[in-house]
$ cat my_file.txt   # compact mmCIF, C-alpha atoms and all ligand atoms
# COMPACT_ATOMS: atom_id res chain seq x y z
CA MET A 1 -4.83 -13.88 33.53
CA THR A 2 -2.85 -14.41 36.74
CA HIS A 3 -3.19 -17.86 38.19
CA GLU A 4 -3.81 -17.93 41.95
CA PRO A 5 -1.65 -20.73 43.35
CA ARG A 6 -3.37 -23.42 45.36
CA LEU A 7 -1.57 -23.72 48.69
CA ARG A 8 -1.98 -26.52 51.20
CA ALA A 9 -0.57 -27.14 54.65
CA VAL A 10 2.39 -29.51 54.32
CA GLN A 11 0.80 -32.09 56.61
CA ASN A 12 -2.19 -32.27 54.27
CA LEU A 13 -0.17 -33.17 51.18
CA PRO A 14 -0.56 -36.83 50.20
CA HIS A 15 2.58 -38.90 50.69
CA ALA A 16 3.80 -39.79 47.20
CA LEU A 17 4.97 -43.30 48.12
CA GLU A 18 1.78 -44.16 50.00
CA ALA A 19 -0.42 -42.50 47.37
CA PHE A 20 1.55 -43.76 44.40
CA ASP A 21 -1.67 -44.66 42.57
CA ALA A 22 -2.83 -41.05 42.87
CA LEU A 23 0.50 -39.87 41.50
CA THR A 24 0.18 -42.29 38.59
CA ALA A 25 -3.35 -41.00 37.99
CA ALA A 26 -2.06 -37.40 37.97
CA LEU A 27 0.43 -38.37 35.27
CA ASN A 28 -2.57 -39.46 33.23
CA GLY A 29 -0.50 -41.50 30.78
CA ARG A 30 2.06 -38.73 30.20
CA GLU A 31 5.79 -39.33 30.43
CA PRO A 32 7.25 -37.56 33.46
CA ALA A 33 9.90 -34.92 32.75
CA ILE A 34 11.80 -34.72 36.01
CA PHE A 35 13.32 -31.58 37.54
CA LEU A 36 15.37 -32.08 40.68
CA ASP A 37 16.54 -29.64 43.30
CA TYR A 38 19.84 -30.63 44.99
CA ASP A 39 20.22 -29.57 48.65
CA GLY A 40 17.57 -31.03 50.92
CA THR A 41 16.15 -33.05 48.01
CA LEU A 42 18.95 -35.27 46.71
CA THR A 43 21.14 -34.77 49.80
CA PRO A 44 20.27 -34.09 53.42
CA ILE A 45 20.85 -30.58 54.77
CA VAL A 46 24.20 -30.43 56.57
CA ASP A 47 26.13 -27.75 58.42
CA ARG A 48 28.36 -26.62 55.57
CA PRO A 49 27.56 -26.44 51.83
CA GLU A 50 30.74 -28.29 50.82
CA ASN A 51 29.69 -31.29 52.92
CA ALA A 52 26.46 -31.96 51.02
CA ILE A 53 27.74 -34.88 48.98
CA LEU A 54 25.50 -37.01 46.78
CA SER A 55 25.88 -40.68 47.70
CA ASP A 56 27.04 -43.15 45.05
CA GLU A 57 23.66 -44.84 45.38
CA GLY A 58 21.89 -41.49 44.85
CA ARG A 59 23.96 -40.85 41.74
CA ALA A 60 23.15 -44.34 40.44
CA VAL A 61 19.42 -43.77 40.98
CA VAL A 62 19.43 -40.43 39.11
CA ASP A 63 21.59 -41.86 36.34
CA ALA A 64 19.32 -44.89 35.87
CA LEU A 65 16.27 -42.62 35.69
CA ALA A 66 17.98 -40.24 33.25
CA ARG A 67 18.64 -43.12 30.87
CA LYS A 68 14.85 -43.58 30.58
CA ARG A 69 13.32 -40.16 31.22
CA PRO A 70 14.22 -36.49 30.71
CA VAL A 71 15.97 -35.31 33.90
CA ALA A 72 17.31 -31.86 34.80
CA VAL A 73 18.79 -30.46 38.01
CA VAL A 74 17.61 -26.98 39.04
CA SER A 75 19.63 -25.69 41.96
CA GLY A 76 20.42 -22.57 43.93
CA ARG A 77 24.08 -23.52 43.76
CA ASP A 78 26.54 -22.25 41.23
CA ARG A 79 26.02 -24.35 38.10
CA PRO A 80 29.57 -25.74 37.86
CA ASP A 81 29.41 -26.61 41.57
CA VAL A 82 26.18 -28.62 41.29
CA GLU A 83 27.31 -30.20 38.01
CA LYS A 84 30.40 -31.48 39.81
CA LEU A 85 28.46 -32.67 42.85
CA VAL A 86 25.92 -34.59 40.76
CA GLY A 87 28.58 -35.86 38.37
CA ILE A 88 26.34 -37.02 35.51
CA ASP A 89 27.32 -35.12 32.40
CA THR A 90 24.33 -36.14 30.28
CA LEU A 91 21.94 -34.06 32.42
CA THR A 92 20.71 -30.51 31.93
CA PHE A 93 21.71 -28.21 34.81
CA ALA A 94 20.32 -24.88 35.96
CA GLY A 95 22.37 -23.12 38.64
CA SER A 96 22.07 -19.85 40.58
CA HIS A 97 18.33 -20.56 41.11
CA GLY A 98 17.77 -20.97 37.37
CA PHE A 99 19.68 -17.91 36.12
CA ASP A 100 22.43 -20.04 34.56
CA ILE A 101 21.32 -22.98 32.39
CA ARG A 102 23.35 -25.46 30.37
CA THR A 103 22.02 -28.37 28.35
CA PRO A 104 24.25 -31.08 26.90
CA ASP A 105 23.04 -30.25 23.37
CA ALA A 106 22.67 -26.44 23.38
CA GLY A 107 25.41 -25.53 25.86
CA VAL A 108 24.92 -22.45 28.08
CA LEU A 109 21.62 -20.77 27.20
CA ALA A 110 21.31 -17.05 26.56
CA LEU A 111 18.27 -16.02 28.59
CA ASP A 112 16.27 -12.92 27.62
CA GLY A 113 16.80 -10.10 30.10
CA ILE A 114 19.58 -11.87 32.00
CA GLY A 115 22.70 -9.92 31.21
CA ASP A 116 26.15 -9.71 32.70
CA PHE A 117 25.72 -9.07 36.41
CA THR A 118 29.34 -9.86 37.28
CA ALA A 119 30.21 -6.36 38.51
CA LEU A 120 27.04 -6.17 40.65
CA MET A 121 27.63 -9.60 42.19
CA ASP A 122 31.32 -8.75 42.76
CA GLU A 123 30.19 -5.71 44.72
CA VAL A 124 27.72 -7.80 46.75
CA GLU A 125 30.38 -10.41 47.50
CA ARG A 126 32.89 -7.77 48.58
CA ARG A 127 30.46 -6.01 50.91
CA LEU A 128 29.15 -9.24 52.40
CA LYS A 129 32.63 -10.60 53.05
CA GLU A 130 33.70 -7.34 54.63
CA GLY A 131 30.68 -7.34 56.97
CA LEU A 132 30.26 -11.07 57.62
CA ASP A 133 33.81 -12.41 57.78
CA PRO A 134 34.26 -11.14 61.36
CA ILE A 135 31.09 -13.01 62.50
CA PRO A 136 31.98 -16.55 63.64
CA GLY A 137 30.08 -19.15 61.61
CA ALA A 138 28.87 -16.78 58.87
CA LEU A 139 29.61 -18.06 55.37
CA VAL A 140 29.55 -16.15 52.10
CA GLU A 141 29.06 -18.34 49.02
CA ARG A 142 29.53 -16.73 45.64
CA LYS A 143 27.59 -18.05 42.67
CA LYS A 144 27.57 -16.50 39.19
CA PHE A 145 24.17 -14.79 39.63
CA SER A 146 23.74 -14.89 43.38
CA VAL A 147 25.64 -14.53 46.62
CA ALA A 148 24.48 -16.62 49.56
CA ALA A 149 24.89 -15.38 53.12
CA HIS A 150 24.66 -18.46 55.35
CA TYR A 151 23.88 -18.22 59.08
CA ARG A 152 23.36 -21.90 60.03
CA LEU A 153 26.53 -21.79 62.16
CA VAL A 154 26.02 -18.26 63.52
CA ALA A 155 25.19 -18.03 67.24
CA ASP A 156 21.71 -16.66 67.99
CA GLU A 157 23.25 -13.67 69.82
CA ALA A 158 25.21 -12.73 66.68
CA TYR A 159 22.24 -13.03 64.32
CA PRO A 160 21.13 -9.35 64.65
CA ILE A 161 24.60 -8.21 63.56
CA PHE A 162 24.53 -10.71 60.68
CA ARG A 163 21.14 -9.39 59.61
CA SER A 164 22.23 -5.75 59.87
CA VAL A 165 25.03 -6.41 57.35
CA LEU A 166 22.44 -7.58 54.82
CA ASP A 167 20.12 -4.66 55.52
CA ARG A 168 23.01 -2.25 55.05
CA LEU A 169 23.92 -3.86 51.74
CA LEU A 170 20.34 -3.75 50.45
CA GLY A 171 20.04 -0.10 51.51
CA ALA A 172 23.29 0.90 49.82
CA VAL A 173 23.26 -1.02 46.54
CA SER A 174 20.32 -0.82 44.16
CA GLY A 175 19.14 -3.46 41.70
CA LEU A 176 19.14 -6.32 44.19
CA LYS A 177 16.54 -8.71 45.61
CA GLU A 178 16.77 -11.02 48.59
CA LYS A 179 15.42 -14.57 48.75
CA PRO A 180 15.34 -16.50 52.01
CA GLY A 181 16.22 -20.19 52.12
CA LYS A 182 17.20 -22.68 54.80
CA LYS A 183 19.36 -20.60 57.19
CA VAL A 184 20.51 -18.55 54.22
CA PHE A 185 19.68 -15.36 52.39
CA GLU A 186 20.36 -15.23 48.68
CA ILE A 187 21.18 -11.83 47.19
CA GLN A 188 20.36 -11.75 43.47
CA PRO A 189 19.87 -9.24 40.64
CA ALA A 190 16.37 -7.77 40.94
CA ILE A 191 14.97 -9.29 37.81
CA ASP A 192 11.82 -11.31 37.37
CA TRP A 193 13.34 -14.77 37.17
CA ASP A 194 13.17 -17.78 39.44
CA LYS A 195 13.20 -21.58 39.41
CA GLY A 196 9.63 -21.67 38.08
CA LYS A 197 10.48 -19.50 35.10
CA ALA A 198 13.63 -21.55 34.52
CA VAL A 199 11.62 -24.80 34.44
CA ARG A 200 9.07 -23.32 32.03
CA HIS A 201 11.92 -22.11 29.82
CA LEU A 202 13.61 -25.51 29.91
CA LEU A 203 10.43 -27.32 28.96
CA GLY A 204 10.40 -25.30 25.75
CA THR A 205 14.13 -25.65 25.08
CA LEU A 206 14.03 -29.40 25.60
CA ASN A 207 10.83 -29.83 23.55
CA LEU A 208 8.98 -31.21 26.55
CA ASP A 209 6.15 -28.65 26.54
CA ASP A 210 3.61 -30.91 24.91
CA ALA A 211 0.62 -32.97 25.99
CA GLY A 212 2.73 -36.12 26.15
CA HIS A 213 4.90 -34.92 29.03
CA ALA A 214 4.11 -34.25 32.67
CA PRO A 215 6.67 -31.92 34.24
CA MET A 216 7.52 -32.95 37.80
CA PHE A 217 9.55 -30.85 40.21
CA PHE A 218 11.12 -32.25 43.36
CA GLY A 219 12.21 -29.67 45.95
CA ASP A 220 12.33 -28.88 49.65
CA ASP A 221 12.85 -25.17 50.16
CA VAL A 222 10.86 -21.97 49.85
CA THR A 223 12.66 -21.12 46.60
CA ASP A 224 11.26 -24.37 45.17
CA GLU A 225 7.74 -23.05 45.72
CA ASP A 226 8.24 -20.86 42.62
CA ALA A 227 8.63 -24.06 40.61
CA PHE A 228 5.66 -25.77 42.27
CA LYS A 229 3.49 -22.74 41.48
CA ALA A 230 4.70 -22.61 37.88
CA LEU A 231 3.86 -26.29 37.42
CA GLN A 232 0.33 -25.80 38.75
CA GLU A 233 -0.30 -23.54 35.75
CA ILE A 234 0.62 -26.27 33.28
CA ASN A 235 -0.82 -29.35 34.94
CA GLY A 236 2.55 -30.45 36.28
CA ILE A 237 3.24 -32.19 39.56
CA GLY A 238 5.22 -30.87 42.53
CA VAL A 239 6.76 -33.16 45.14
CA LEU A 240 7.96 -31.53 48.36
CA ALA A 241 10.68 -33.24 50.40
CA ALA A 242 9.55 -32.39 53.93
CA PRO A 243 8.19 -34.36 56.85
CA ALA A 244 4.54 -33.72 57.75
CA SER A 245 5.76 -31.97 60.84
CA ASP A 246 9.27 -30.49 60.81
CA GLY A 247 8.94 -27.65 63.25
CA GLN A 248 7.81 -25.26 60.53
CA SER A 249 4.23 -25.46 61.71
CA GLY A 250 1.82 -23.83 59.35
CA ARG A 251 4.12 -24.09 56.34
CA MET A 252 2.02 -23.89 53.21
CA SER A 253 3.12 -25.37 49.92
CA ALA A 254 2.05 -25.35 46.28
CA ALA A 255 3.32 -28.93 45.89
CA ASP A 256 0.89 -31.75 45.11
CA PHE A 257 2.60 -34.52 47.04
CA ARG A 258 5.31 -34.87 49.63
CA VAL A 259 7.87 -37.37 50.80
CA ASP A 260 9.71 -37.15 54.11
CA ASP A 261 13.33 -36.69 53.06
CA PRO A 262 16.01 -37.27 50.38
CA ASP A 263 16.03 -41.04 51.02
CA GLN A 264 12.36 -41.14 50.11
CA VAL A 265 12.99 -38.92 47.08
CA LEU A 266 15.38 -41.61 45.86
CA ASP A 267 12.80 -44.33 46.65
CA LEU A 268 10.25 -42.47 44.56
CA LEU A 269 12.71 -41.94 41.70
CA ARG A 270 13.51 -45.67 41.76
CA ARG A 271 9.80 -46.42 41.58
CA MET A 272 9.39 -44.07 38.64
CA THR A 273 12.23 -45.66 36.67
CA PRO A 274 10.76 -48.01 34.07
O1 LIG A 301 18.30 -25.16 45.29
P1 LIG A 301 19.17 -26.10 46.06
O2 LIG A 301 19.94 -27.04 45.19
O3 LIG A 301 18.43 -26.80 47.14
O4 LIG A 301 20.23 -25.15 46.79
C1 LIG A 301 19.78 -24.26 47.82
C2 LIG A 301 20.99 -23.79 48.60
O5 LIG A 301 21.60 -24.99 49.09
C3 LIG A 301 22.84 -24.85 49.79
O6 LIG A 301 22.58 -24.32 51.08
C4 LIG A 301 21.73 -25.14 51.86
O7 LIG A 301 22.31 -26.45 52.01
C5 LIG A 301 23.56 -26.48 52.76
C6 LIG A 301 24.07 -27.92 52.74
O8 LIG A 301 23.13 -28.81 53.26
C7 LIG A 301 23.30 -25.95 54.16
O9 LIG A 301 24.53 -25.94 54.91
C8 LIG A 301 22.72 -24.53 54.09
O10 LIG A 301 22.37 -24.09 55.39
C9 LIG A 301 21.46 -24.52 53.21
O11 LIG A 301 21.00 -23.20 53.03
C10 LIG A 301 23.81 -24.04 48.99
O12 LIG A 301 24.96 -23.78 49.79
C11 LIG A 301 23.22 -22.75 48.45
O13 LIG A 301 24.13 -22.15 47.55
C12 LIG A 301 21.95 -23.07 47.68
O14 LIG A 301 21.36 -21.88 47.20
$ encode --input "my_file.txt" --output "C-alpha cells" --more "lines below"
Ligand SMILES: O=P(O)(O)OC[C@H]1O[C@H](O[C@H]2O[C@H](CO)[C@@H](O)[C@H](O)[C@H]2O)[C@H](O)[C@@H](O)[C@@H]1O
Amino acid sequence: MTHEPRLRAVQNLPHALEAFDALTAALNGREPAIFLDYDGTLTPIVDRPENAILSDEGRAVVDALARKRPVAVVSGRDRPDVEKLVGIDTLTFAGSHGFDIRTPDAGVLALDGIGDFTALMDEVERRLKEGLDPIPGALVERKKFSVAAHYRLVADEAYPIFRSVLDRLLGAVSGLKEKPGKKVFEIQPAIDWDKGKAVRHLLGTLNLDDAGHAPMFFGDDVTDEDAFKALQEINGIGVLAAPASDGQSGRMSAADFRVDDPDQVLDLLRRMTP
C-alpha cells in the first residue's frame, strides 16, 4: 500500500528547540539514529560549493554525538568530497544523493540496481561543460552518480540560456532524471533511488531497523523531502533546517519539526548528545 505523505506548511512545523519535549515524546524512549545532510544543514549555503566548510565547532559537535549515537551523513555531494569536508572517519557516508554509500565496517556497499553509470555521467558532464562553460557564473560539479549544474552566480538575463542547455541535454540523452535543489539542477541516472531509499537501506545495513531506534533525518532542501517522507512510513522524525519564512512562501514539507538554520541544527545535536 502506498503511503500518502503528510505535508505541512513550513511555518506550521514546531520548532524543535522550543518544542524539545514534543521531540522527546516522539522518540518514545527509542535511541535516535541520526542522518545528517551537509549543505544548508551542517553549513550555511554559500556562493560556491568549495566554500561550504564545516566549522571546527560543528565537527566537534557531530563527533561528540557520534561517540554516543549512530550517525550517518547523507549528502548530494560526491562521497569522497563530503567525507573530506566532514573529516570524521568513524561515520557512515552516503554521497551522490544516496547512490554511493560507505560504512566504516562494510566499506562501499553494492546497491541492487545501481550499476556502473560512469559512461553516462561522463557524457552528461561533457555536454554540460560544453554548454555551460561559456555562461559566466555557471558551475558544473561532477559527482560519481550525478552532475550538478549550479546557477547561483548566473545573472538573471543568462538564466534562459542556462536552462536551455539542460533541456537540450535531457532531450538528447536518454536514461536521465533531473532533480532541482537550491539554485542547482542535479542530473542523475533515471533509476528509482533517492535519499529516502538510501536511509531505509542504511537502517537495515547498520542493524538500526528495530523498535529500539528512532531514525531522525536533518535536512534543508527539496531532495531531503524524500528522506522525510521515507521516515514518516517508519515512525521516524524529520527535522527541516529552514526559517518559518524564508521567501519560499507556501513551501510544504514532510518534516515533523524545524529549526532556523545550521547553527540551530548544531544546538539541537548538542542537546541530543547524552
Ligand atoms: O545534500 P546536501 O549535502 O545538502 O548537498 C546538496 C548540494 O549542495 C551543494 O550545493 C549547494 O550548496 C552550495 C554551497 O553552499 C551552494 O553554493 C549551491 O548553490 C547549493 O546548491 C553541492 O555543491 C551539491 O553537489 C549538492 O548536491
$ residues_near_point --input "my_file.txt" --point "(20.3, -46.5, 36.6)" --cutoff "12 Å" --atoms "only C-alpha atoms" --output "NGL selection string"
:A and (56-69 or 88 or 266 or 269-274)
$ atom_distance --input "my_file.txt" --atom1 "CA of Ala16 in chain A" --atom2 "CA of Val199 in chain A"
21.2 Å
$ atom_distance --input "my_file.txt" --atom1 "CA of Ser174 in chain A" --atom2 "CA of Arg127 in chain A"
13.2 Å
$ closest_residue --input "my_file.txt" --among "A:Leu268, A:Ala244, A:Leu203, A:Ile53" --to "Glu18 in chain A" --atoms "only C-alpha atoms"
A:Leu268
$ axis_aligned_box --input "my_file.txt" --around "ligand LIG 301 (chain A)" --padding-each-side "8 Å" --output "lines of an AutoDock Vina configuration file"
center_x = 21.6
center_y = -25.3
center_z = 50.3
size_x = 22.7
size_y = 22.9
size_z = 26.2
$ residues_near_ligand --input "my_file.txt" --ligand "ligand LIG 301 (chain A)" --cutoff "9 Å" --atoms "all atoms listed in the file" --output "JSON, numbers by chain"
{"A": [36, 37, 38, 39, 40, 41, 42, 43, 44, 45, 46, 47, 48, 49, 50, 51, 52, 53, 73, 74, 75, 76, 77, 78, 82, 95, 96, 97, 98, 141, 142, 143, 146, 147, 148, 149, 150, 151, 152, 153, 180, 181, 182, 183, 184, 185, 186, 195, 219, 220, 221, 223, 224]}
$ closest_atom_pairs --input "my_file.txt" --of "range 139-247 of chain A" --to "range 99-106 of chain A" --cutoff "8 Å" --atoms "all atoms listed in the file" --output "Markdown table"
| residue | atom | partner | partner_atom | distance |
| --- | --- | --- | --- | --- |
| A:Lys144 | CA | A:Asp100 | CA | 7.8 |
| A:Phe145 | CA | A:Phe99 | CA | 6.5 |
| A:Trp193 | CA | A:Phe99 | CA | 7.2 |
| A:Asp194 | CA | A:Phe99 | CA | 7.3 |
| A:Ala198 | CA | A:Phe99 | CA | 7.2 |
$ closest_residue --input "my_file.txt" --among "A:Ala33, A:Ala254, A:Val140, A:Val265" --to "Arg200 in chain A" --atoms "only C-alpha atoms"
A:Ala33
$ atom_distance --input "my_file.txt" --atom1 "CA of Gly137 in chain A" --atom2 "CA of Ser164 in chain A"
15.6 Å
$ closest_residue --input "my_file.txt" --among "A:Asp263, A:Met216, A:Ile135, A:Arg258" --to "Phe20 in chain A" --atoms "only C-alpha atoms"
A:Arg258
$ residues_around --input "my_file.txt" --residues "Pro70 in chain A" --least-positions-apart "4" --cutoff "10 Å" --atoms "all atoms listed in the file" --output "CSV table (one decimal) with C-alpha atoms, keeping the file's coordinate frame"
chain,number,residue,atom,x,y,z
A,31,GLU,CA,5.8,-39.3,30.4
A,32,PRO,CA,7.2,-37.6,33.5
A,33,ALA,CA,9.9,-34.9,32.8
A,34,ILE,CA,11.8,-34.7,36.0
A,35,PHE,CA,13.3,-31.6,37.5
A,65,LEU,CA,16.3,-42.6,35.7
A,66,ALA,CA,18.0,-40.2,33.2
A,91,LEU,CA,21.9,-34.1,32.4
A,92,THR,CA,20.7,-30.5,31.9
A,206,LEU,CA,14.0,-29.4,25.6
A,208,LEU,CA,9.0,-31.2,26.6
A,213,HIS,CA,4.9,-34.9,29.0
A,215,PRO,CA,6.7,-31.9,34.2
$ residues_around --input "my_file.txt" --residues "Pro243 in chain A" --least-positions-apart "2" --cutoff "9 Å" --atoms "all atoms listed in the file" --output "list in words"
Val10, Gln11, Leu240, Ala241, Ser245, Asp246, Arg258, Val259, Asp260 and Asp261 of chain A
$ closest_residue --input "my_file.txt" --among "A:Gln188, A:Leu166, A:Lys84, A:Gly236" --to "Leu128 in chain A" --atoms "only C-alpha atoms"
A:Leu166
$ residues_around --input "my_file.txt" --residues "Gly29 in chain A" --least-positions-apart "4" --cutoff "8 Å" --atoms "only C-alpha atoms" --output "list of chain:residue names"
A:Thr24, A:Ala25, A:Gly212
$ write_last_selection --input "my_file.txt" --atoms "C-alpha atoms" --output "PDB file, in the frame of the given file"
ATOM      1  CA  THR A  24       0.180 -42.290  38.590  1.00  0.00           C
ATOM      2  CA  ALA A  25      -3.350 -41.000  37.990  1.00  0.00           C
ATOM      3  CA  GLY A 212       2.730 -36.120  26.150  1.00  0.00           C
TER       4      GLY A 212
END
